[in-house]
file protein-v4.pdb (PDB, C-alpha atoms)
MODEL        1
ATOM      1  CA  MET A   1      25.961 -17.507   5.031  1.00  0.00           C
ATOM      2  CA  ALA A   2      22.791 -15.769   6.293  1.00  0.00           C
ATOM      3  CA  GLU A   3      19.492 -16.870   4.822  1.00  0.00           C
ATOM      4  CA  GLN A   4      18.162 -14.687   2.016  1.00  0.00           C
ATOM      5  CA  GLN A   5      14.531 -13.679   2.512  1.00  0.00           C
ATOM      6  CA  THR A   6      12.164 -10.931   1.471  1.00  0.00           C
ATOM      7  CA  PHE A   7      10.569  -8.469   3.870  1.00  0.00           C
ATOM      8  CA  LEU A   8       7.372  -6.740   2.843  1.00  0.00           C
ATOM      9  CA  PHE A   9       5.653  -3.771   4.460  1.00  0.00           C
ATOM     10  CA  ALA A  10       2.051  -2.919   3.582  1.00  0.00           C
ATOM     11  CA  ASP A  11       0.063  -0.009   4.962  1.00  0.00           C
ATOM     12  CA  LEU A  12      -3.025   2.085   4.323  1.00  0.00           C
ATOM     13  CA  ALA A  13      -2.363   5.122   2.127  1.00  0.00           C
ATOM     14  CA  GLY A  14      -4.017   8.278   3.442  1.00  0.00           C
ATOM     15  CA  PHE A  15      -4.637   6.780   6.886  1.00  0.00           C
ATOM     16  CA  THR A  16      -4.195  10.127   8.625  1.00  0.00           C
ATOM     17  CA  ALA A  17      -6.856  11.703   6.411  1.00  0.00           C
ATOM     18  CA  LEU A  18      -9.208   8.802   7.067  1.00  0.00           C
ATOM     19  CA  THR A  19      -8.757   9.109  10.828  1.00  0.00           C
ATOM     20  CA  GLU A  20      -9.362  12.851  10.717  1.00  0.00           C
ATOM     21  CA  ALA A  21     -12.519  12.439   8.637  1.00  0.00           C
ATOM     22  CA  HIS A  22     -14.118   9.471  10.428  1.00  0.00           C
ATOM     23  CA  GLY A  23     -12.541   9.277  13.865  1.00  0.00           C
ATOM     24  CA  ASP A  24     -10.376   6.843  15.767  1.00  0.00           C
ATOM     25  CA  ASP A  25     -12.924   4.044  16.163  1.00  0.00           C
ATOM     26  CA  GLU A  26     -13.705   3.650  12.448  1.00  0.00           C
ATOM     27  CA  ALA A  27     -10.015   3.937  11.582  1.00  0.00           C
ATOM     28  CA  ALA A  28      -9.168   1.221  14.113  1.00  0.00           C
ATOM     29  CA  ASP A  29     -11.900  -1.015  12.679  1.00  0.00           C
ATOM     30  CA  LEU A  30     -10.445  -0.573   9.193  1.00  0.00           C
ATOM     31  CA  VAL A  31      -6.957  -1.506  10.398  1.00  0.00           C
ATOM     32  CA  THR A  32      -8.387  -4.631  12.023  1.00  0.00           C
ATOM     33  CA  GLY A  33     -10.151  -5.544   8.786  1.00  0.00           C
ATOM     34  CA  PHE A  34      -7.011  -4.849   6.761  1.00  0.00           C
ATOM     35  CA  THR A  35      -4.671  -6.948   8.889  1.00  0.00           C
ATOM     36  CA  GLY A  36      -7.210  -9.764   9.060  1.00  0.00           C
ATOM     37  CA  ALA A  37      -7.570  -9.828   5.280  1.00  0.00           C
ATOM     38  CA  VAL A  38      -3.782  -9.859   4.839  1.00  0.00           C
ATOM     39  CA  ARG A  39      -3.387 -12.775   7.250  1.00  0.00           C
ATOM     40  CA  GLU A  40      -5.781 -14.852   5.176  1.00  0.00           C
ATOM     41  CA  LEU A  41      -3.432 -14.554   2.165  1.00  0.00           C
ATOM     42  CA  LEU A  42      -0.181 -15.484   3.909  1.00  0.00           C
ATOM     43  CA  PRO A  43      -0.369 -19.321   3.850  1.00  0.00           C
ATOM     44  CA  GLU A  44      -0.741 -19.369   0.058  1.00  0.00           C
ATOM     45  CA  HIS A  45       2.534 -17.464  -0.335  1.00  0.00           C
ATOM     46  CA  ASP A  46       4.756 -19.235   2.208  1.00  0.00           C
ATOM     47  CA  ALA A  47       4.767 -16.023   4.248  1.00  0.00           C
ATOM     48  CA  GLU A  48       4.411 -15.099   7.901  1.00  0.00           C
ATOM     49  CA  GLU A  49       3.384 -11.971   9.749  1.00  0.00           C
ATOM     50  CA  VAL A  50       6.218 -10.515  11.808  1.00  0.00           C
ATOM     51  CA  LYS A  51       4.270  -7.709  13.480  1.00  0.00           C
ATOM     52  CA  THR A  52       1.859  -4.839  13.014  1.00  0.00           C
ATOM     53  CA  ILE A  53       2.966  -1.235  13.472  1.00  0.00           C
ATOM     54  CA  GLY A  54      -0.019   1.107  13.605  1.00  0.00           C
ATOM     55  CA  ASP A  55      -1.727   0.762  10.222  1.00  0.00           C
ATOM     56  CA  ALA A  56       1.201  -1.188   8.727  1.00  0.00           C
ATOM     57  CA  VAL A  57       1.946  -4.898   8.687  1.00  0.00           C
ATOM     58  CA  MET A  58       5.440  -6.378   8.342  1.00  0.00           C
ATOM     59  CA  ILE A  59       5.680  -9.739   6.559  1.00  0.00           C
ATOM     60  CA  ARG A  60       8.541 -12.173   5.942  1.00  0.00           C
ATOM     61  CA  CYS A  61       8.533 -14.297   2.786  1.00  0.00           C
ATOM     62  CA  ARG A  62      10.948 -17.126   2.140  1.00  0.00           C
ATOM     63  CA  ARG A  63      10.736 -16.638  -1.650  1.00  0.00           C
ATOM     64  CA  ALA A  64      10.978 -13.324  -3.465  1.00  0.00           C
ATOM     65  CA  ASP A  65       8.615 -14.362  -6.265  1.00  0.00           C
ATOM     66  CA  ALA A  66       5.962 -15.281  -3.698  1.00  0.00           C
ATOM     67  CA  ALA A  67       6.470 -11.888  -2.007  1.00  0.00           C
ATOM     68  CA  VAL A  68       5.810 -10.058  -5.270  1.00  0.00           C
ATOM     69  CA  GLN A  69       2.649 -12.064  -5.908  1.00  0.00           C
ATOM     70  CA  LEU A  70       1.499 -11.470  -2.334  1.00  0.00           C
ATOM     71  CA  GLY A  71       2.114  -7.730  -2.612  1.00  0.00           C
ATOM     72  CA  LEU A  72       0.014  -7.528  -5.774  1.00  0.00           C
ATOM     73  CA  ARG A  73      -2.838  -9.454  -4.163  1.00  0.00           C
ATOM     74  CA  ILE A  74      -2.793  -7.168  -1.117  1.00  0.00           C
ATOM     75  CA  VAL A  75      -2.958  -4.040  -3.290  1.00  0.00           C
ATOM     76  CA  GLU A  76      -5.444  -5.326  -5.862  1.00  0.00           C
ATOM     77  CA  GLU A  77      -7.758  -7.560  -3.828  1.00  0.00           C
ATOM     78  CA  ILE A  78      -7.837  -5.809  -0.458  1.00  0.00           C
ATOM     79  CA  GLY A  79      -7.102  -2.234  -1.503  1.00  0.00           C
ATOM     80  CA  GLY A  80      -9.619  -2.391  -4.349  1.00  0.00           C
ATOM     81  CA  ARG A  81     -12.604  -2.926  -2.052  1.00  0.00           C
ATOM     82  CA  ASN A  82     -15.470  -0.467  -1.729  1.00  0.00           C
ATOM     83  CA  ARG A  83     -15.122   1.931   1.236  1.00  0.00           C
ATOM     84  CA  PHE A  84     -11.550   0.884   1.865  1.00  0.00           C
ATOM     85  CA  PRO A  85      -8.375   2.964   1.502  1.00  0.00           C
ATOM     86  CA  SER A  86      -5.820   2.188  -1.159  1.00  0.00           C
ATOM     87  CA  ILE A  87      -2.829   0.190   0.051  1.00  0.00           C
ATOM     88  CA  ARG A  88       0.853   0.656  -0.665  1.00  0.00           C
ATOM     89  CA  VAL A  89       3.516  -2.058  -0.501  1.00  0.00           C
ATOM     90  CA  GLY A  90       7.303  -1.993  -0.466  1.00  0.00           C
ATOM     91  CA  MET A  91       9.805  -4.829  -0.208  1.00  0.00           C
ATOM     92  CA  HIS A  92      13.492  -5.718  -0.222  1.00  0.00           C
ATOM     93  CA  SER A  93      15.398  -9.017  -0.140  1.00  0.00           C
ATOM     94  CA  GLY A  94      18.464 -10.025   1.826  1.00  0.00           C
ATOM     95  CA  PRO A  95      19.630 -11.362   5.189  1.00  0.00           C
ATOM     96  CA  ALA A  96      18.334 -10.205   8.573  1.00  0.00           C
ATOM     97  CA  ALA A  97      18.978 -10.917  12.250  1.00  0.00           C
ATOM     98  CA  GLU A  98      16.161 -12.596  14.197  1.00  0.00           C
ATOM     99  CA  ARG A  99      15.595 -11.867  17.876  1.00  0.00           C
ATOM    100  CA  GLY A 100      12.537 -13.087  19.741  1.00  0.00           C
ATOM    101  CA  GLY A 101      10.442 -13.485  16.612  1.00  0.00           C
ATOM    102  CA  ASP A 102      11.307 -10.030  15.241  1.00  0.00           C
ATOM    103  CA  PHE A 103      13.821  -9.195  12.503  1.00  0.00           C
ATOM    104  CA  PHE A 104      16.415  -6.442  12.358  1.00  0.00           C
ATOM    105  CA  GLY A 105      19.070  -5.059  10.046  1.00  0.00           C
ATOM    106  CA  ALA A 106      19.690  -3.211   6.816  1.00  0.00           C
ATOM    107  CA  THR A 107      17.368  -5.418   4.750  1.00  0.00           C
ATOM    108  CA  VAL A 108      14.385  -4.708   6.991  1.00  0.00           C
ATOM    109  CA  ASN A 109      15.191  -0.996   7.174  1.00  0.00           C
ATOM    110  CA  LEU A 110      15.397  -0.674   3.392  1.00  0.00           C
ATOM    111  CA  ALA A 111      12.113  -2.546   2.900  1.00  0.00           C
ATOM    112  CA  ALA A 112      10.408  -0.078   5.252  1.00  0.00           C
ATOM    113  CA  ARG A 113      11.935   2.895   3.406  1.00  0.00           C
ATOM    114  CA  VAL A 114      10.689   1.557   0.057  1.00  0.00           C
ATOM    115  CA  ALA A 115       7.168   1.181   1.436  1.00  0.00           C
ATOM    116  CA  GLY A 116       7.354   4.727   2.754  1.00  0.00           C
ATOM    117  CA  VAL A 117       7.812   6.215  -0.731  1.00  0.00           C
ATOM    118  CA  ALA A 118       5.308   3.950  -2.517  1.00  0.00           C
ATOM    119  CA  PRO A 119       2.168   5.709  -3.776  1.00  0.00           C
ATOM    120  CA  GLY A 120      -1.203   4.254  -2.842  1.00  0.00           C
ATOM    121  CA  GLY A 121      -2.173   1.310  -5.004  1.00  0.00           C
ATOM    122  CA  GLN A 122       1.399   0.395  -5.977  1.00  0.00           C
ATOM    123  CA  VAL A 123       3.881  -2.370  -5.184  1.00  0.00           C
ATOM    124  CA  LEU A 124       7.511  -1.209  -5.171  1.00  0.00           C
ATOM    125  CA  LEU A 125      10.567  -3.433  -4.918  1.00  0.00           C
ATOM    126  CA  THR A 126      14.321  -3.133  -5.012  1.00  0.00           C
ATOM    127  CA  GLU A 127      16.702  -4.527  -7.583  1.00  0.00           C
ATOM    128  CA  ALA A 128      17.659  -7.263  -5.107  1.00  0.00           C
ATOM    129  CA  THR A 129      14.070  -8.499  -4.919  1.00  0.00           C
ATOM    130  CA  TRP A 130      13.648  -8.240  -8.684  1.00  0.00           C
ATOM    131  CA  LYS A 131      16.723 -10.385  -9.314  1.00  0.00           C
ATOM    132  CA  ALA A 132      15.786 -12.882  -6.612  1.00  0.00           C
ATOM    133  CA  ALA A 133      12.214 -13.231  -7.907  1.00  0.00           C
ATOM    134  CA  GLY A 134      13.048 -13.720 -11.582  1.00  0.00           C
ATOM    135  CA  PRO A 135      10.350 -13.713 -14.280  1.00  0.00           C
ATOM    136  CA  SER A 136       6.848 -14.431 -13.001  1.00  0.00           C
ATOM    137  CA  ALA A 137       3.755 -15.183 -15.057  1.00  0.00           C
ATOM    138  CA  GLY A 138       1.230 -12.374 -15.027  1.00  0.00           C
ATOM    139  CA  VAL A 139       3.630  -9.833 -13.501  1.00  0.00           C
ATOM    140  CA  THR A 140       5.101  -6.822 -15.298  1.00  0.00           C
ATOM    141  CA  ILE A 141       8.109  -5.022 -13.800  1.00  0.00           C
ATOM    142  CA  VAL A 142       8.600  -1.328 -14.588  1.00  0.00           C
ATOM    143  CA  GLU A 143      11.892   0.340 -13.721  1.00  0.00           C
ATOM    144  CA  LEU A 144      11.285   3.693 -11.986  1.00  0.00           C
ATOM    145  CA  GLY A 145      14.853   4.897 -11.580  1.00  0.00           C
ATOM    146  CA  HIS A 146      17.024   5.654  -8.551  1.00  0.00           C
ATOM    147  CA  GLU A 147      15.488   7.226  -5.454  1.00  0.00           C
ATOM    148  CA  SER A 148      17.222   8.852  -2.496  1.00  0.00           C
ATOM    149  CA  LEU A 149      15.797   7.290   0.654  1.00  0.00           C
ATOM    150  CA  ARG A 150      16.038   8.606   4.186  1.00  0.00           C
ATOM    151  CA  ASN A 151      19.214   7.689   6.087  1.00  0.00           C
ATOM    152  CA  LEU A 152      20.728   5.857   3.097  1.00  0.00           C
ATOM    153  CA  ALA A 153      23.942   7.200   1.589  1.00  0.00           C
ATOM    154  CA  ASP A 154      23.330   6.047  -1.989  1.00  0.00           C
ATOM    155  CA  PRO A 155      20.196   6.227  -4.145  1.00  0.00           C
ATOM    156  CA  VAL A 156      18.327   2.944  -4.570  1.00  0.00           C
ATOM    157  CA  LEU A 157      16.961   1.575  -7.839  1.00  0.00           C
ATOM    158  CA  LEU A 158      13.209   1.082  -7.423  1.00  0.00           C
ATOM    159  CA  LEU A 159      10.913  -0.973  -9.609  1.00  0.00           C
ATOM    160  CA  ARG A 160       7.142  -1.306  -9.722  1.00  0.00           C
ATOM    161  CA  ALA A 161       5.388  -4.644  -9.998  1.00  0.00           C
ATOM    162  CA  ARG A 162       2.092  -4.668 -11.873  1.00  0.00           C
ATOM    163  CA  GLY A 163      -0.424  -7.378 -12.565  1.00  0.00           C
ATOM    164  CA  SER A 164      -1.269  -8.405 -16.105  1.00  0.00           C
ATOM    165  CA  GLY A 165      -4.461  -6.322 -16.334  1.00  0.00           C
ATOM    166  CA  PRO A 166      -4.661  -2.885 -17.961  1.00  0.00           C
ATOM    167  CA  GLU A 167      -3.535   0.103 -15.935  1.00  0.00           C
ATOM    168  CA  ASP A 168      -6.311   1.469 -13.700  1.00  0.00           C
ATOM    169  CA  ASP A 169      -8.682  -1.235 -14.929  1.00  0.00           C
ATOM    170  CA  GLY A 170     -11.713  -1.317 -12.637  1.00  0.00           C
ATOM    171  CA  GLU A 171     -10.308   1.112 -10.067  1.00  0.00           C
ATOM    172  CA  LEU A 172     -12.942   2.810  -7.932  1.00  0.00           C
ATOM    173  CA  PRO A 173     -13.071   6.591  -7.477  1.00  0.00           C
ATOM    174  CA  ILE A 174     -11.305   7.892  -4.358  1.00  0.00           C
ATOM    175  CA  ASP A 175     -13.106  10.109  -1.842  1.00  0.00           C
ATOM    176  CA  PRO A 176     -10.811  13.178  -1.752  1.00  0.00           C
ATOM    177  CA  VAL A 177     -11.560  13.838   1.929  1.00  0.00           C
ATOM    178  CA  CYS A 178     -10.934  10.479   3.628  1.00  0.00           C
ATOM    179  CA  ARG A 179      -9.088   8.758   0.734  1.00  0.00           C
ATOM    180  CA  MET A 180     -11.364   5.703   0.708  1.00  0.00           C
ATOM    181  CA  ALA A 181     -12.444   3.980  -2.495  1.00  0.00           C
ATOM    182  CA  VAL A 182     -16.129   4.513  -3.273  1.00  0.00           C
ATOM    183  CA  GLU A 183     -18.402   2.444  -5.494  1.00  0.00           C
ATOM    184  CA  PRO A 184     -20.226   5.115  -7.574  1.00  0.00           C
ATOM    185  CA  VAL A 185     -23.617   3.418  -7.289  1.00  0.00           C
ATOM    186  CA  SER A 186     -23.391   3.466  -3.485  1.00  0.00           C
ATOM    187  CA  SER A 187     -21.724   6.849  -2.963  1.00  0.00           C
ATOM    188  CA  ALA A 188     -23.278   9.274  -0.496  1.00  0.00           C
ATOM    189  CA  GLY A 189     -22.968  12.108  -2.994  1.00  0.00           C
ATOM    190  CA  VAL A 190     -21.234  13.448  -6.072  1.00  0.00           C
ATOM    191  CA  LEU A 191     -19.825  16.957  -6.482  1.00  0.00           C
ATOM    192  CA  ARG A 192     -18.319  18.436  -9.642  1.00  0.00           C
ATOM    193  CA  HIS A 193     -15.264  20.643  -9.155  1.00  0.00           C
ATOM    194  CA  ARG A 194     -12.910  21.941 -11.873  1.00  0.00           C
ATOM    195  CA  GLY A 195     -14.709  19.754 -14.389  1.00  0.00           C
ATOM    196  CA  THR A 196     -14.211  16.532 -12.391  1.00  0.00           C
ATOM    197  CA  ASP A 197     -16.838  14.482 -10.550  1.00  0.00           C
ATOM    198  CA  PHE A 198     -15.852  13.463  -7.028  1.00  0.00           C
ATOM    199  CA  HIS A 199     -17.613  10.647  -5.172  1.00  0.00           C
ATOM    200  CA  PHE A 200     -17.936  10.542  -1.399  1.00  0.00           C
ATOM    201  CA  CYS A 201     -18.405   7.793   1.158  1.00  0.00           C
ATOM    202  CA  SER A 202     -20.496   9.874   3.563  1.00  0.00           C
ATOM    203  CA  ILE A 203     -22.466  13.091   3.900  1.00  0.00           C
ATOM    204  CA  GLU A 204     -19.784  14.326   6.305  1.00  0.00           C
ATOM    205  CA  CYS A 205     -17.171  14.040   3.555  1.00  0.00           C
ATOM    206  CA  VAL A 206     -19.495  15.793   1.094  1.00  0.00           C
ATOM    207  CA  ARG A 207     -19.914  18.701   3.495  1.00  0.00           C
ATOM    208  CA  ALA A 208     -16.208  18.948   4.264  1.00  0.00           C
ATOM    209  CA  PHE A 209     -15.294  19.042   0.574  1.00  0.00           C
ATOM    210  CA  ALA A 210     -18.040  21.529  -0.307  1.00  0.00           C
ATOM    211  CA  ALA A 211     -16.827  23.901   2.406  1.00  0.00           C
ATOM    212  CA  ASP A 212     -13.207  23.969   1.190  1.00  0.00           C
ATOM    213  CA  PRO A 213     -12.427  21.881  -1.935  1.00  0.00           C
ATOM    214  CA  ASP A 214      -8.876  23.150  -2.331  1.00  0.00           C
ATOM    215  CA  ARG A 215      -7.940  21.730   1.070  1.00  0.00           C
ATOM    216  CA  TYR A 216      -8.358  18.219  -0.296  1.00  0.00           C
ATOM    217  CA  LEU A 217      -6.923  18.591  -3.789  1.00  0.00           C
ATOM    218  CA  PRO A 218      -3.289  18.891  -4.909  1.00  0.00           C
ATOM    219  CA  ALA A 219      -2.192  22.403  -5.750  1.00  0.00           C
ATOM    220  CA  ARG A 220      -2.316  23.230  -9.442  1.00  0.00           C
TER
ENDMDL
END

call {"tool": "encode", "arguments": {"input": "protein-v4.pdb", "output": "structure tokens"}}
result
Amino acid sequence: MAEQQTFLFADLAGFTALTEAHGDDEAADLVTGFTGAVRELLPEHDAEEVKTIGDAVMIRCRRADAAVQLGLRIVEEIGGRNRFPSIRVGMHSGPAAERGGDFFGATVNLAARVAGVAPGGQVLLTEATWKAAGPSAGVTIVELGHESLRNLADPVLLLRARGSGPEDDGELPIDPVCRMAVEPVSSAGVLRHRGTDFHFCSIECVRAFAADPDRYLPAR
């Protein structure tokens, strides 16, 4: 019987917007900082990096409960930093085929699909990971319902893992132009639009927003 393991994908939400706003060099530096910070967490969770794919990192965990804890730390500790984009994480548990240090198969594909639909700042998992992980101290699981994922015939039940703190506790404002978190006391500027204050990481983002606010906000 093939070994059961959990595959986790984490990437930077809004990376395209960040690259457009600040250029390739700064975006590449952020990816380097992101992957480096993730690697520092892996030994504590019995996990290993499989590979990086652009702004995403693929991780293999031997235990599902450790994968859930790792995902929360990536989102909350790395994604919560000042002048850093929010991070999204998706995972799925099951067997996979290993070839030359890489992993292939339906389990890996589904984990990537789950990460692809995760909003920034959230950790999503499948029912298989939820059952494999079992109850974990300090973790709340919220059932989100079934989601149709690309190239999968049947909808998949998705769940969100949350830490024990209050929702949105301590979250920094998000620059609407480049999608980076901004500490209000160190923001480059604040603009009020439609009754909401928006904080910006740079004067360039202030100018871009001021010229066309609706470009960077969801349609009403």

call {"tool": "resolve_selection", "arguments": {"input": "protein-v4.pdb", "expression": "the PyMOL selection byres ((chain A and resi 66) around 12)", "output": "ChimeraX atom specification"}}
result
/A:5-8,41-48,59-65,67-73,91,93,129-130,132-137,139

call {"tool": "write_last_selection", "arguments": {"input": "protein-v4.pdb", "atoms": "C-alpha atoms", "output": "JSON list (two decimals), in the frame of the given file"}}
result
[["chain", "number", "residue", "atom", "x", "y", "z"],
["A", 5, "GLN", "CA", 14.53, -13.68, 2.51],
["A", 6, "THR", "CA", 12.16, -10.93, 1.47],
["A", 7, "PHE", "CA", 10.57, -8.47, 3.87],
["A", 8, "LEU", "CA", 7.37, -6.74, 2.84],
["A", 41, "LEU", "CA", -3.43, -14.55, 2.16],
["A", 42, "LEU", "CA", -0.18, -15.48, 3.91],
["A", 43, "PRO", "CA", -0.37, -19.32, 3.85],
["A", 44, "GLU", "CA", -0.74, -19.37, 0.06],
["A", 45, "HIS", "CA", 2.53, -17.46, -0.34],
["A", 46, "ASP", "CA", 4.76, -19.24, 2.21],
["A", 47, "ALA", "CA", 4.77, -16.02, 4.25],
["A", 48, "GLU", "CA", 4.41, -15.10, 7.90],
["A", 59, "ILE", "CA", 5.68, -9.74, 6.56],
["A", 60, "ARG", "CA", 8.54, -12.17, 5.94],
["A", 61, "CYS", "CA", 8.53, -14.30, 2.79],
["A", 62, "ARG", "CA", 10.95, -17.13, 2.14],
["A", 63, "ARG", "CA", 10.74, -16.64, -1.65],
["A", 64, "ALA", "CA", 10.98, -13.32, -3.46],
["A", 65, "ASP", "CA", 8.62, -14.36, -6.26],
["A", 67, "ALA", "CA", 6.47, -11.89, -2.01],
["A", 68, "VAL", "CA", 5.81, -10.06, -5.27],
["A", 69, "GLN", "CA", 2.65, -12.06, -5.91],
["A", 70, "LEU", "CA", 1.50, -11.47, -2.33],
["A", 71, "GLY", "CA", 2.11, -7.73, -2.61],
["A", 72, "LEU", "CA", 0.01, -7.53, -5.77],
["A", 73, "ARG", "CA", -2.84, -9.45, -4.16],
["A", 91, "MET", "CA", 9.80, -4.83, -0.21],
["A", 93, "SER", "CA", 15.40, -9.02, -0.14],
["A", 129, "THR", "CA", 14.07, -8.50, -4.92],
["A", 130, "TRP", "CA", 13.65, -8.24, -8.68],
["A", 132, "ALA", "CA", 15.79, -12.88, -6.61],
["A", 133, "ALA", "CA", 12.21, -13.23, -7.91],
["A", 134, "GLY", "CA", 13.05, -13.72, -11.58],
["A", 135, "PRO", "CA", 10.35, -13.71, -14.28],
["A", 136, "SER", "CA", 6.85, -14.43, -13.00],
["A", 137, "ALA", "CA", 3.76, -15.18, -15.06],
["A", 139, "VAL", "CA", 3.63, -9.83, -13.50]]

call {"tool": "closest_atom_pairs", "arguments": {"input": "protein-v4.pdb", "of": "segment 46-98 of chain A", "to": "segment 171-195 of chain A", "cutoff": "9 Å", "atoms": "all atoms listed in the file", "output": "Markdown table"}}
result
| residue | atom | partner | partner_atom | distance |
| --- | --- | --- | --- | --- |
| A:Gly79 | CA | A:Ala181 | CA | 8.3 |
| A:Gly80 | CA | A:Glu171 | CA | 6.7 |
| A:Arg81 | CA | A:Ala181 | CA | 6.9 |
| A:Asn82 | CA | A:Val182 | CA | 5.3 |
| A:Arg83 | CA | A:Ala181 | CA | 5.0 |
| A:Phe84 | CA | A:Met180 | CA | 5.0 |
| A:Pro85 | CA | A:Met180 | CA | 4.1 |
| A:Ser86 | CA | A:Met180 | CA | 6.8 |

call {"tool": "resolve_selection", "arguments": {"input": "protein-v4.pdb", "expression": "the PyMOL selection byres ((chain A and resi 12) around 10)", "output": "list of chain:residue names"}}
result
A:Ala10, A:Asp11, A:Ala13, A:Gly14, A:Phe15, A:Thr16, A:Leu18, A:Leu30, A:Val31, A:Phe34, A:Gly54, A:Asp55, A:Ala56, A:Val57, A:Val75, A:Gly79, A:Phe84, A:Pro85, A:Ser86, A:Ile87, A:Arg88, A:Val89, A:Gly120, A:Gly121, A:Arg179, A:Met180

call {"tool": "closest_atom_pairs", "arguments": {"input": "protein-v4.pdb", "of": "segment 52-138 of chain A", "to": "segment 147-164 of chain A", "cutoff": "8 Å", "atoms": "only C-alpha atoms", "output": "Markdown table"}}
result
| residue | atom | partner | partner_atom | distance |
| --- | --- | --- | --- | --- |
| A:Val68 | CA | A:Ala161 | CA | 7.2 |
| A:Leu72 | CA | A:Gly163 | CA | 6.8 |
| A:Arg113 | CA | A:Leu149 | CA | 6.5 |
| A:Val114 | CA | A:Leu149 | CA | 7.7 |
| A:Gln122 | CA | A:Arg160 | CA | 7.1 |
| A:Val123 | CA | A:Ala161 | CA | 5.5 |
| A:Leu124 | CA | A:Arg160 | CA | 4.6 |
| A:Leu125 | CA | A:Leu159 | CA | 5.3 |
| A:Thr126 | CA | A:Leu158 | CA | 5.0 |
| A:Glu127 | CA | A:Leu157 | CA | 6.1 |
| A:Trp130 | CA | A:Leu159 | CA | 7.8 |
| A:Gly138 | CA | A:Ser164 | CA | 4.8 |

call {"tool": "resolve_selection", "arguments": {"input": "protein-v4.pdb", "expression": "the PyMOL selection byres ((chain A and resi 94) around 8)", "output": "list in words"}}
result
Glu3, Gln4, Gln5, Thr6, His92, Ser93, Pro95, Ala96, Thr107 and Ala128 of chain A

call {"tool": "atom_distance", "arguments": {"input": "protein-v4.pdb", "atom1": "atom CA of Glu20 of chain A", "atom2": "atom CA of Val117 of chain A"}}
result
21.7 Å

call {"tool": "atom_distance", "arguments": {"input": "protein-v4.pdb", "atom1": "atom CA of Phe103 of chain A", "atom2": "atom CA of Val142 of chain A"}}
result
28.7 Å

call {"tool": "build_atoms", "arguments": {"input": "protein-v4.pdb", "residues": "segment 117-128 of chain A", "atoms": "N, CA and C atoms", "output": "PDB file, in the coordinates of the input"}}
result
ATOM      1  N   VAL A 117       7.884   5.339   0.440  1.00  0.00           N
ATOM      2  CA  VAL A 117       7.812   6.215  -0.731  1.00  0.00           C
ATOM      3  C   VAL A 117       6.842   5.678  -1.785  1.00  0.00           C
ATOM      4  N   ALA A 118       6.243   4.521  -1.536  1.00  0.00           N
ATOM      5  CA  ALA A 118       5.308   3.950  -2.517  1.00  0.00           C
ATOM      6  C   ALA A 118       4.005   4.744  -2.530  1.00  0.00           C
ATOM      7  N   PRO A 119       3.487   5.089  -3.705  1.00  0.00           N
ATOM      8  CA  PRO A 119       2.168   5.709  -3.776  1.00  0.00           C
ATOM      9  C   PRO A 119       1.080   4.682  -3.455  1.00  0.00           C
ATOM     10  N   GLY A 120      -0.093   5.165  -3.081  1.00  0.00           N
ATOM     11  CA  GLY A 120      -1.203   4.254  -2.842  1.00  0.00           C
ATOM     12  C   GLY A 120      -1.538   3.457  -4.084  1.00  0.00           C
ATOM     13  N   GLY A 121      -1.808   2.170  -3.894  1.00  0.00           N
ATOM     14  CA  GLY A 121      -2.173   1.310  -5.004  1.00  0.00           C
ATOM     15  C   GLY A 121      -1.004   0.744  -5.784  1.00  0.00           C
ATOM     16  N   GLN A 122       0.227   0.894  -5.254  1.00  0.00           N
ATOM     17  CA  GLN A 122       1.399   0.395  -5.977  1.00  0.00           C
ATOM     18  C   GLN A 122       2.233  -0.538  -5.118  1.00  0.00           C
ATOM     19  N   VAL A 123       2.931  -1.444  -5.808  1.00  0.00           N
ATOM     20  CA  VAL A 123       3.881  -2.370  -5.184  1.00  0.00           C
ATOM     21  C   VAL A 123       5.265  -2.016  -5.705  1.00  0.00           C
ATOM     22  N   LEU A 124       6.151  -1.572  -4.793  1.00  0.00           N
ATOM     23  CA  LEU A 124       7.511  -1.209  -5.171  1.00  0.00           C
ATOM     24  C   LEU A 124       8.494  -2.222  -4.605  1.00  0.00           C
ATOM     25  N   LEU A 125       9.544  -2.507  -5.360  1.00  0.00           N
ATOM     26  CA  LEU A 125      10.567  -3.433  -4.918  1.00  0.00           C
ATOM     27  C   LEU A 125      11.933  -2.945  -5.336  1.00  0.00           C
ATOM     28  N   THR A 126      12.945  -3.487  -4.691  1.00  0.00           N
ATOM     29  CA  THR A 126      14.321  -3.133  -5.012  1.00  0.00           C
ATOM     30  C   THR A 126      14.874  -4.061  -6.093  1.00  0.00           C
ATOM     31  N   GLU A 127      16.041  -3.690  -6.580  1.00  0.00           N
ATOM     32  CA  GLU A 127      16.702  -4.527  -7.583  1.00  0.00           C
ATOM     33  C   GLU A 127      17.013  -5.911  -7.021  1.00  0.00           C
ATOM     34  N   ALA A 128      17.346  -5.975  -5.727  1.00  0.00           N
ATOM     35  CA  ALA A 128      17.659  -7.263  -5.107  1.00  0.00           C
ATOM     36  C   ALA A 128      16.458  -8.198  -5.146  1.00  0.00           C
TER      37      ALA A 128
END
